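Participant: If you scroll down you'll find the structure; I have some questions about it.
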Amino acid sequence: VAAAKCLQDDGFEVSVFEKTDRIGGTYVFRDDFKGGPYKSLTMQSSKYTFLYSDQPATEDMDIFPTVDQINNYLHNYVAKHNLGERIYLNHEVVEVSKDNQTWKIVANNSGVKNTRYFEAVILCTGSYWKPKVPKIEGLENFNGTVLTANNYHANSIFKNQRVLVVGGGVSGSDIASEAADTAQAVYFSTRKRTWILPSFLGFVPSELTASYVGRVVNAGIEAEEFRQNLVRAIPQYMEMYQKSGLLPEGIHNNAIGTSEDLIPKVASGSIKV
């Protein structure tokens, strides 16, 4: 959507082929709840940094927007810039090839293949659409349910189950936290300790600790000083972090994950690591 808007502003004739039946990409609750977000998902970044610079958030949008709010925002953006007529839904691109000085694009629309030619092609397929499933020896002999985050919608499926969540990223932290509310037992497997902070440090969104300026500041201080800064800002949380056994030793000078519940639930024993 952003690429189409910018190219349109520069005078190009733009066509957007969208594989699915609706606008929104990851930020859509689909009919089968597959290939999209889970029910409780909110954005990791606040509305002050997450959105397009030429369309600020409205006052009634949550500081950390919901899926429905982001979906509505994208639809408003499309309408504002008259992009709707340029977007072809249910058009799965099945072939991209160079034909002399032009690009040949073949798209499958409900079983009918359409061919069009363009002077340039931009691929905007996203980073989170196709799940990455690790090869685990013996998994084929496991009789329980195996799913990835893109197949998860709500924690009711974990009722009275023993659940192992593999992966310490944002979705893993969220799903483990939710599973602890319904499952018989939850086990959380993560390759390494990373910084997982609540959404706010005081009244400031914690994402700002991983801003480019924040990273420069963090690079110039010792790990203990970084930890003490957090102790002063969120003392109770840091006490639980220490008790959880997940507190990193150094400064993770990249993206910092957010979760309100993972660290408290690990500290309390409702999630085992």
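Residues in the structure tokens are named by chain (A, B, ... in the order shown) and by number from 1 within that chain; ligands are numbered from 1 in the order shown.
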I'd like the contact shell of range 118-126 of chain A - 9 Å cut-off, only C-alpha atoms, skipping same-chain residues fewer than 6 positions apart - returned as number ranges by chain.
Facilitator: A: 3, 25-26, 96, 101-105
Participant: Can those selected residues be exported to a file as an mmCIF file, in the first residue's frame so that it contains C-alpha atoms?
Facilitator:
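File produced: selection-v4.cif:
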```cif
data_model
loop_
_atom_site.group_PDB
_atom_site.id
_atom_site.type_symbol
_atom_site.label_atom_id
_atom_site.label_comp_id
_atom_site.auth_asym_id
_atom_site.auth_seq_id
_atom_site.Cartn_x
_atom_site.Cartn_y
_atom_site.Cartn_z
ATOM 1 C CA ALA A 3 4.782 1.590 -2.210
ATOM 2 C CA GLY A 25 -2.040 -8.444 4.857
ATOM 3 C CA THR A 26 -1.143 -9.786 8.298
ATOM 4 C CA VAL A 96 7.306 -13.277 -12.966
ATOM 5 C CA GLN A 101 12.337 -4.883 -22.029
ATOM 6 C CA THR A 102 9.197 -5.579 -20.001
ATOM 7 C CA TRP A 103 8.143 -7.856 -17.164
ATOM 8 C CA LYS A 104 5.589 -10.566 -17.799
ATOM 9 C CA ILE A 105 3.276 -11.154 -14.841
#
```
Participant: Would you pick out the contacts of Ser15 in chain A at 10 Å or less, using only C-alpha atoms, so that residues sharing its chain but fewer than 4 positions from it are not included, and give the list as a count of residues only?
Facilitator: 10
Participant: Give the alpha helix (DSSP H) residues of range 14-255 of chain A, as DSSP finds them on the backbone, and put them as a ChimeraX atom specification.
Facilitator: /A:47-50,67-80,170-179,212-219,223-233,235-244
Participant: Leaving out range 164-172 of chain A and any residue of its chain fewer than 5 positions from it, which residues lie within 6 Å of it when counting only C-alpha atoms, given as a VMD selection string?
Facilitator: chain A and resid 186 to 190 257
Participant: Put those residues in a file: all heavy atoms, as an mmCIF file, in the first residue's frame.
Facilitator:
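Result written to again_19.cif:
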```cif
data_model
loop_
_atom_site.group_PDB
_atom_site.id
_atom_site.type_symbol
_atom_site.label_atom_id
_atom_site.label_comp_id
_atom_site.auth_asym_id
_atom_site.auth_seq_id
_atom_site.Cartn_x
_atom_site.Cartn_y
_atom_site.Cartn_z
ATOM 1 N N VAL A 186 2.370 -25.372 31.130
ATOM 2 C CA VAL A 186 2.993 -24.705 29.985
ATOM 3 C C VAL A 186 4.501 -24.692 30.175
ATOM 4 O O VAL A 186 5.007 -24.307 31.238
ATOM 5 C CB VAL A 186 2.478 -23.255 29.822
ATOM 6 C CG1 VAL A 186 3.205 -22.563 28.666
ATOM 7 C CG2 VAL A 186 0.981 -23.239 29.582
ATOM 8 N N TYR A 187 5.201 -25.102 29.127
ATOM 9 C CA TYR A 187 6.660 -25.108 29.112
ATOM 10 C C TYR A 187 7.118 -24.180 27.984
ATOM 11 O O TYR A 187 6.601 -24.234 26.868
ATOM 12 C CB TYR A 187 7.189 -26.520 28.897
ATOM 13 C CG TYR A 187 6.736 -27.483 29.964
ATOM 14 C CD1 TYR A 187 5.521 -28.161 29.846
ATOM 15 C CD2 TYR A 187 7.506 -27.715 31.100
ATOM 16 C CE1 TYR A 187 5.085 -29.030 30.829
ATOM 17 C CE2 TYR A 187 7.080 -28.587 32.095
ATOM 18 C CZ TYR A 187 5.868 -29.241 31.954
ATOM 19 O OH TYR A 187 5.437 -30.098 32.928
ATOM 20 N N PHE A 188 8.099 -23.360 28.302
ATOM 21 C CA PHE A 188 8.559 -22.316 27.376
ATOM 22 C C PHE A 188 10.017 -22.587 27.034
ATOM 23 O O PHE A 188 10.890 -22.585 27.909
ATOM 24 C CB PHE A 188 8.396 -20.957 28.047
ATOM 25 C CG PHE A 188 8.777 -19.774 27.206
ATOM 26 C CD1 PHE A 188 8.061 -19.446 26.068
ATOM 27 C CD2 PHE A 188 9.835 -18.953 27.575
ATOM 28 C CE1 PHE A 188 8.394 -18.339 25.298
ATOM 29 C CE2 PHE A 188 10.183 -17.847 26.820
ATOM 30 C CZ PHE A 188 9.459 -17.534 25.674
ATOM 31 N N SER A 189 10.287 -22.841 25.746
ATOM 32 C CA SER A 189 11.642 -23.144 25.294
ATOM 33 C C SER A 189 12.183 -21.994 24.460
ATOM 34 O O SER A 189 11.604 -21.627 23.438
ATOM 35 C CB SER A 189 11.633 -24.427 24.446
ATOM 36 O OG SER A 189 12.912 -24.665 23.882
ATOM 37 N N THR A 190 13.286 -21.417 24.914
ATOM 38 C CA THR A 190 13.903 -20.315 24.184
ATOM 39 C C THR A 190 15.398 -20.556 24.069
ATOM 40 O O THR A 190 16.026 -21.079 24.996
ATOM 41 C CB THR A 190 13.629 -18.971 24.885
ATOM 42 O OG1 THR A 190 14.254 -17.916 24.157
ATOM 43 C CG2 THR A 190 14.130 -18.971 26.327
ATOM 44 N N GLY A 257 11.718 -7.101 22.839
ATOM 45 C CA GLY A 257 10.377 -7.644 22.842
ATOM 46 C C GLY A 257 9.540 -7.062 23.967
ATOM 47 O O GLY A 257 10.068 -6.611 24.984
#
```
Participant: Could you give me, as a ChimeraX atom specification, the residues within 10 Å of Gly111 in chain A, counting only C-alpha atoms and dropping anything in the same chain fewer than 4 positions from it?
Facilitator: /A:90-92,107
Participant: Let's have the selection written as a PDB file, in the first residue's frame, with all heavy atoms.
Facilitator:
```
ATOM      1  N   ASN A  90      -7.682 -11.309  -4.812  1.00  0.00           N
ATOM      2  CA  ASN A  90      -7.742 -12.691  -5.314  1.00  0.00           C
ATOM      3  C   ASN A  90      -6.886 -12.885  -6.567  1.00  0.00           C
ATOM      4  O   ASN A  90      -7.228 -13.679  -7.448  1.00  0.00           O
ATOM      5  CB  ASN A  90      -9.189 -13.098  -5.607  1.00  0.00           C
ATOM      6  CG  ASN A  90     -10.021 -13.208  -4.349  1.00  0.00           C
ATOM      7  OD1 ASN A  90      -9.640 -13.882  -3.395  1.00  0.00           O
ATOM      8  ND2 ASN A  90     -11.167 -12.527  -4.323  1.00  0.00           N
ATOM      9  N   HIS A  91      -5.792 -12.169  -6.636  1.00  0.00           N
ATOM     10  CA  HIS A  91      -4.856 -12.295  -7.750  1.00  0.00           C
ATOM     11  C   HIS A  91      -3.525 -12.823  -7.207  1.00  0.00           C
ATOM     12  O   HIS A  91      -2.705 -12.051  -6.689  1.00  0.00           O
ATOM     13  CB  HIS A  91      -4.644 -10.946  -8.450  1.00  0.00           C
ATOM     14  CG  HIS A  91      -5.686 -10.638  -9.475  1.00  0.00           C
ATOM     15  ND1 HIS A  91      -7.015 -10.493  -9.156  1.00  0.00           N
ATOM     16  CD2 HIS A  91      -5.591 -10.457 -10.839  1.00  0.00           C
ATOM     17  CE1 HIS A  91      -7.698 -10.215 -10.264  1.00  0.00           C
ATOM     18  NE2 HIS A  91      -6.868 -10.198 -11.290  1.00  0.00           N
ATOM     19  N   GLU A  92      -3.340 -14.114  -7.307  1.00  0.00           N
ATOM     20  CA  GLU A  92      -2.087 -14.735  -6.858  1.00  0.00           C
ATOM     21  C   GLU A  92      -1.092 -14.749  -8.012  1.00  0.00           C
ATOM     22  O   GLU A  92      -1.336 -15.364  -9.058  1.00  0.00           O
ATOM     23  CB  GLU A  92      -2.334 -16.165  -6.373  1.00  0.00           C
ATOM     24  CG  GLU A  92      -1.062 -16.861  -5.921  1.00  0.00           C
ATOM     25  CD  GLU A  92      -1.289 -18.299  -5.501  1.00  0.00           C
ATOM     26  OE1 GLU A  92      -2.419 -18.803  -5.668  1.00  0.00           O
ATOM     27  OE2 GLU A  92      -0.327 -18.914  -4.993  1.00  0.00           O
ATOM     28  N   ALA A 107      -1.039 -13.879 -13.215  1.00  0.00           N
ATOM     29  CA  ALA A 107      -1.751 -13.952 -11.940  1.00  0.00           C
ATOM     30  C   ALA A 107      -2.945 -14.890 -12.074  1.00  0.00           C
ATOM     31  O   ALA A 107      -3.658 -14.878 -13.083  1.00  0.00           O
ATOM     32  CB  ALA A 107      -2.222 -12.568 -11.508  1.00  0.00           C
TER      33      ALA A 107
END
```
Participant: Would you work out the distance separating CA of Tyr128 in chain A from CA of Val106 in chain A, expressed in Å to one decimal?
Facilitator: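 CA of Tyr128 in chain A sits 23.6 Å away from CA of Val106 in chain A.
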